[in-house]
Amino acid sequence: MSLFNVFNISGSAMSAQSQRLNAVASNLANADSATSANGTPYKSKQVVFSAMPTGSPDASGVKVLKVIEDNSPAKVVYDPKHPLANDKGYVTMPNVNVTEEMVNMISASRAYQNNVETMNAAKTMLLKTLTIGQQ
Amino acid sequence: MLNRLDEALSFHQNALRVRGQRQELIAANIANADTPNFKARDIDFKAAMQSAVAGINKNAFQTTKTSPLHLDGTPASNSNTSAAPGEPLFRPIIQGSVDGNTVDMDVERNQFADNGIRYEASLTLINAQLKQMLAAIQGS
C-alpha cells in the first residue's frame, strides 16, 4: 500500500532534517569555542544528505550520508589578553559562520514542517479511505 | 453477481491506486528537497490510468516472488502489455540549483494538494456508487 510508505519517506526526511538542526545547534553553541576536546579550535560540522530506498523502488526517503567538518580557514581574532593568544596576540576562533548557520536553521525547520504536513495529509487520506462504505 | 459489483468499482479503485502511488512519489520529492543530485519525479496520471484500465488490475495482482518456482500474478491475456506508460518520469527543470537538485517546492506542494483532493474526490465517488447500489438492493 503506497500511502503507508509516505510515513516512511516523510519520517526519514524528518529525522534527517532534525539531525541537520542538531548540527546547526552544535555549530551555533560552539561559535566561540576557541578550543575543543583535541585542543584545536572547534570546526563547523555539516551534514550530507543522500536519497535512501524505502519500501517501493520508485520513491526514496532521505538519510544522512555523513557528517563532514568544514575545512574553511579559521577566524583569527586579535585579543592579546586571551589565554590562548599566540605570541603576536592573535587567537584562532572556530570557522562557524553564524549567518550561514541561521539560514541553515530556517531551511531545516521549513523542510521539517513540509514533511510534517505531507505526513498529515497522507494520514487524513488513509483515514478517509477507511471510511469507504460507512454512513 | 459479485464480479459485476467488482467491475463497477474497479475504475475508481484503479484511480485510488494510481493517486496513492503519485502521492508517494511527490512525498519522496518533498522529502528530498535538500538532497544533492536528487531529481524530482512524477507519474503521468493519464497514461498510468489508461494502462491501469486497459489491463484491468494488472498491477493489483503483482506478487512478490521469492522463488523462481512461484507463479506470475499477472493474468495471461495482459502479459504482453509493457509497464512503460505510467512509469515515473523526471520533472522538467524550472529553476536548477547548484547542487543538482531539481525539486521545486512550490510545484511539489501544488501537486501534492491537488493529488490529495482528487484522491478524496475518488473516495467520495466510490461512496456515492456504494450508496446507489445499496439503494437499488434495498429498494426505497
# chains A, B, ... in the order shown; residues from 1 in each chain; ligands from 1
>>> residues_around(residues="Gly11 of chain A", least_positions_apart="2", cutoff="12 Å", atoms="only C-alpha atoms", output="compact mmCIF listing (two decimals) with N, CA and C atoms, in the first residue's frame")
# COMPACT_ATOMS: atom_id res chain seq x y z
N PHE A 4 1.00 4.13 2.81
CA PHE A 4 1.67 3.89 4.09
C PHE A 4 3.15 4.21 3.99
N ASN A 5 3.68 4.05 2.77
CA ASN A 5 5.10 4.32 2.57
C ASN A 5 5.42 5.80 2.74
N VAL A 6 4.39 6.65 2.56
CA VAL A 6 4.61 8.09 2.76
C VAL A 6 5.12 8.34 4.17
N PHE A 7 4.63 7.55 5.14
CA PHE A 7 5.09 7.73 6.52
C PHE A 7 6.58 7.43 6.63
N ASN A 8 7.01 6.37 5.96
CA ASN A 8 8.45 6.04 6.00
C ASN A 8 9.27 7.15 5.36
N ILE A 9 8.79 7.62 4.19
CA ILE A 9 9.55 8.63 3.44
C ILE A 9 9.63 9.92 4.24
N ALA A 13 12.82 11.77 6.23
CA ALA A 13 13.21 13.15 5.96
C ALA A 13 13.20 13.97 7.24
N MET A 14 12.20 13.71 8.11
CA MET A 14 12.12 14.47 9.35
C MET A 14 13.32 14.17 10.24
N SER A 15 13.70 12.90 10.31
CA SER A 15 14.85 12.60 11.18
C SER A 15 16.13 13.16 10.58
N ALA A 16 16.23 13.16 9.24
CA ALA A 16 17.43 13.74 8.62
C ALA A 16 17.48 15.24 8.87
N GLN A 17 16.33 15.91 8.74
CA GLN A 17 16.32 17.36 8.95
C GLN A 17 16.61 17.70 10.41
N SER A 18 16.13 16.85 11.33
CA SER A 18 16.39 17.17 12.73
C SER A 18 17.86 16.95 13.06
N THR A 54 13.31 3.18 0.00
CA THR A 54 12.37 2.69 1.02
C THR A 54 11.57 1.55 0.41
N SER A 60 11.96 7.45 -2.92
CA SER A 60 13.06 7.26 -1.96
C SER A 60 12.96 8.23 -0.80
N GLY A 61 13.42 7.79 0.34
CA GLY A 61 13.48 8.64 1.53
C GLY A 61 14.82 9.35 1.60
N VAL A 62 15.16 9.84 2.76
CA VAL A 62 16.42 10.58 2.93
C VAL A 62 17.19 9.99 4.10
N LYS A 63 18.49 9.98 3.97
CA LYS A 63 19.31 9.63 5.13
C LYS A 63 20.50 10.58 5.19
N ALA A 111 11.80 22.71 6.02
CA ALA A 111 11.74 21.39 5.38
C ALA A 111 11.05 20.40 6.31
N TYR A 112 11.34 20.51 7.60
CA TYR A 112 10.71 19.64 8.59
C TYR A 112 9.21 19.86 8.59
N GLN A 113 8.79 21.13 8.58
CA GLN A 113 7.35 21.45 8.56
C GLN A 113 6.68 20.88 7.33
N ASN A 114 7.36 21.02 6.18
CA ASN A 114 6.79 20.48 4.94
C ASN A 114 6.52 19.00 5.08
N ASN A 115 7.47 18.28 5.68
CA ASN A 115 7.32 16.84 5.80
C ASN A 115 6.24 16.46 6.79
N VAL A 116 6.09 17.27 7.85
CA VAL A 116 5.01 17.02 8.80
C VAL A 116 3.66 17.14 8.08
N GLU A 117 3.55 18.18 7.24
CA GLU A 117 2.28 18.38 6.53
C GLU A 117 2.01 17.25 5.56
N THR A 118 3.08 16.81 4.89
CA THR A 118 2.94 15.68 3.97
C THR A 118 2.40 14.46 4.71
N MET A 119 2.97 14.23 5.88
CA MET A 119 2.57 13.06 6.66
C MET A 119 1.12 13.20 7.12
N ASN A 120 0.76 14.40 7.55
CA ASN A 120 -0.62 14.64 7.99
C ASN A 120 -1.60 14.42 6.86
N ALA A 122 -1.23 12.50 4.25
CA ALA A 122 -1.33 11.06 3.99
C ALA A 122 -2.19 10.39 5.04
N ALA B 27 5.60 12.81 -2.21
CA ALA B 27 6.13 12.86 -0.83
C ALA B 27 7.64 12.65 -0.86
N ALA B 28 8.10 11.73 -1.73
CA ALA B 28 9.55 11.48 -1.83
C ALA B 28 10.25 12.72 -2.36
N ILE B 30 9.28 15.84 -1.94
CA ILE B 30 9.31 16.84 -0.87
C ILE B 30 10.37 16.45 0.17
N ALA B 31 10.43 15.15 0.46
CA ALA B 31 11.40 14.68 1.46
C ALA B 31 12.83 14.96 1.02
N ASN B 32 13.07 14.86 -0.30
CA ASN B 32 14.44 15.01 -0.81
C ASN B 32 14.72 16.41 -1.32
>>> interface_residues(of="chain B", to="chain A", cutoff="10 Å", atoms="only C-alpha atoms", output="short mmCIF file (atom, residue, chain, number, x, y, z; two decimals) with C-alpha atoms, in the first residue's frame")
data_model
loop_
_atom_site.label_atom_id
_atom_site.label_comp_id
_atom_site.auth_asym_id
_atom_site.auth_seq_id
_atom_site.Cartn_x
_atom_site.Cartn_y
_atom_site.Cartn_z
CA LEU B 16 -7.17 5.46 -5.99
CA ARG B 17 -4.20 3.17 -6.51
CA VAL B 18 -2.57 5.44 -9.09
CA ARG B 19 -3.30 8.52 -6.95
CA GLY B 20 -1.74 6.75 -3.97
CA GLN B 21 1.38 5.92 -5.98
CA ARG B 22 1.59 9.50 -7.17
CA GLN B 23 1.19 10.83 -3.64
CA GLU B 24 4.06 8.62 -2.55
CA LEU B 25 6.31 9.91 -5.34
CA ILE B 26 5.51 13.53 -4.53
CA ALA B 27 6.13 12.86 -0.83
CA ALA B 28 9.55 11.48 -1.83
CA ASN B 29 10.23 14.65 -3.84
CA ILE B 30 9.31 16.84 -0.87
CA ALA B 31 11.40 14.68 1.46
CA ASN B 32 14.44 15.01 -0.81
CA ALA B 33 14.18 18.77 -1.28
CA ASP B 34 17.68 19.19 0.19
CA THR B 35 19.37 16.07 -1.17
CA PRO B 36 22.20 16.87 -3.61
CA ASN B 37 21.71 15.49 -7.14
CA PHE B 38 18.19 14.27 -6.45
CA ALA B 40 12.20 15.16 -8.90
CA ARG B 41 9.93 12.54 -10.46
CA ASP B 42 6.23 12.26 -11.14
CA GLU B 87 6.22 4.79 -15.10
CA PRO B 88 7.74 7.64 -13.09
CA MET B 105 8.94 23.07 -3.57
CA ARG B 109 3.28 21.40 -2.80
CA PHE B 112 0.59 17.25 -3.53
CA ALA B 113 -2.50 19.23 -2.54
CA GLY B 116 -4.76 14.68 -2.32
CA ILE B 117 -8.02 16.42 -3.18
CA TYR B 119 -7.89 11.20 -4.15
CA GLU B 120 -10.64 12.31 -1.79
CA SER B 122 -12.43 9.44 -5.90
CA LEU B 123 -13.31 8.28 -2.39
CA THR B 124 -16.48 10.38 -2.44
CA LEU B 125 -17.43 8.91 -5.81
CA ILE B 126 -16.89 5.36 -4.57
CA ASN B 127 -19.03 6.10 -1.55
CA ALA B 128 -21.77 7.54 -3.76
CA GLN B 129 -21.65 4.45 -6.00
CA LEU B 130 -21.94 2.18 -3.00
CA LYS B 131 -24.90 4.18 -1.73
CA LEU B 134 -27.39 -0.17 -1.63
#
>>> atom_distance(atom1="atom CA of Pro41 of chain A", atom2="atom CA of Val91 of chain A")
9.5 Å
>>> atom_distance(atom1="atom CA of Asn97 of chain A", atom2="atom CA of Ala25 of chain A")
12.4 Å
>>> closest_residue(among="A:Asp87, A:Asp79, A:Asp32, A:Glu101", to="Arg20 of chain A", atoms="only C-alpha atoms")
A:Glu101
>>> select_by_dssp(residues="segment 22-116 of chain A", states="alpha helix (DSSP H)", output="count of residues only")
27
>>> closest_residue(among="A:Lys88, A:Lys43, A:Lys123, A:Arg110", to="Asn71 of chain A", atoms="only C-alpha atoms")
A:Lys43
>>> select_by_dssp(residues="chain A", states="strand (DSSP E or B)", output="PDB file with C-alpha atoms, in the first residue's frame")
ATOM      1  CA  LYS A  45      30.022  20.492  11.163  1.00  0.00           C
ATOM      2  CA  GLN A  46      27.760  19.964   8.154  1.00  0.00           C
ATOM      3  CA  VAL A  47      25.508  17.020   7.310  1.00  0.00           C
ATOM      4  CA  VAL A  48      25.376  15.482   3.828  1.00  0.00           C
ATOM      5  CA  PHE A  49      22.006  14.139   2.688  1.00  0.00           C
ATOM      6  CA  SER A  50      21.538  11.241   0.345  1.00  0.00           C
ATOM      7  CA  ALA A  51      18.467   9.531  -1.114  1.00  0.00           C
ATOM      8  CA  MET A  52      17.683   6.192   0.548  1.00  0.00           C
ATOM      9  CA  PRO A  53      15.494   3.476  -0.976  1.00  0.00           C
ATOM     10  CA  SER A  60      13.057   7.265  -1.959  1.00  0.00           C
ATOM     11  CA  GLY A  61      13.475   8.641   1.535  1.00  0.00           C
ATOM     12  CA  VAL A  62      16.418  10.581   2.929  1.00  0.00           C
ATOM     13  CA  LYS A  63      19.309   9.627   5.129  1.00  0.00           C
ATOM     14  CA  VAL A  64      22.296  11.484   6.491  1.00  0.00           C
ATOM     15  CA  LEU A  65      25.167  10.031   4.489  1.00  0.00           C
ATOM     16  CA  LYS A  66      27.896  11.559   6.655  1.00  0.00           C
ATOM     17  CA  VAL A  67      28.719  14.496   8.859  1.00  0.00           C
ATOM     18  CA  ILE A  68      31.641  16.439   7.476  1.00  0.00           C
ATOM     19  CA  GLU A  69      33.857  19.017   9.143  1.00  0.00           C
ATOM     20  CA  LYS A  75      38.773  33.076  12.035  1.00  0.00           C
ATOM     21  CA  VAL A  76      41.785  34.825  13.530  1.00  0.00           C
ATOM     22  CA  VAL A  77      40.974  37.461  16.126  1.00  0.00           C
ATOM     23  CA  TYR A  78      43.368  39.911  17.738  1.00  0.00           C
ATOM     24  CA  TYR A  90      46.103  36.507  17.830  1.00  0.00           C
ATOM     25  CA  VAL A  91      43.550  33.809  18.795  1.00  0.00           C
ATOM     26  CA  THR A  92      42.264  31.213  16.339  1.00  0.00           C
ATOM     27  CA  MET A  93      38.482  31.050  16.640  1.00  0.00           C
TER      28      MET A  93
END
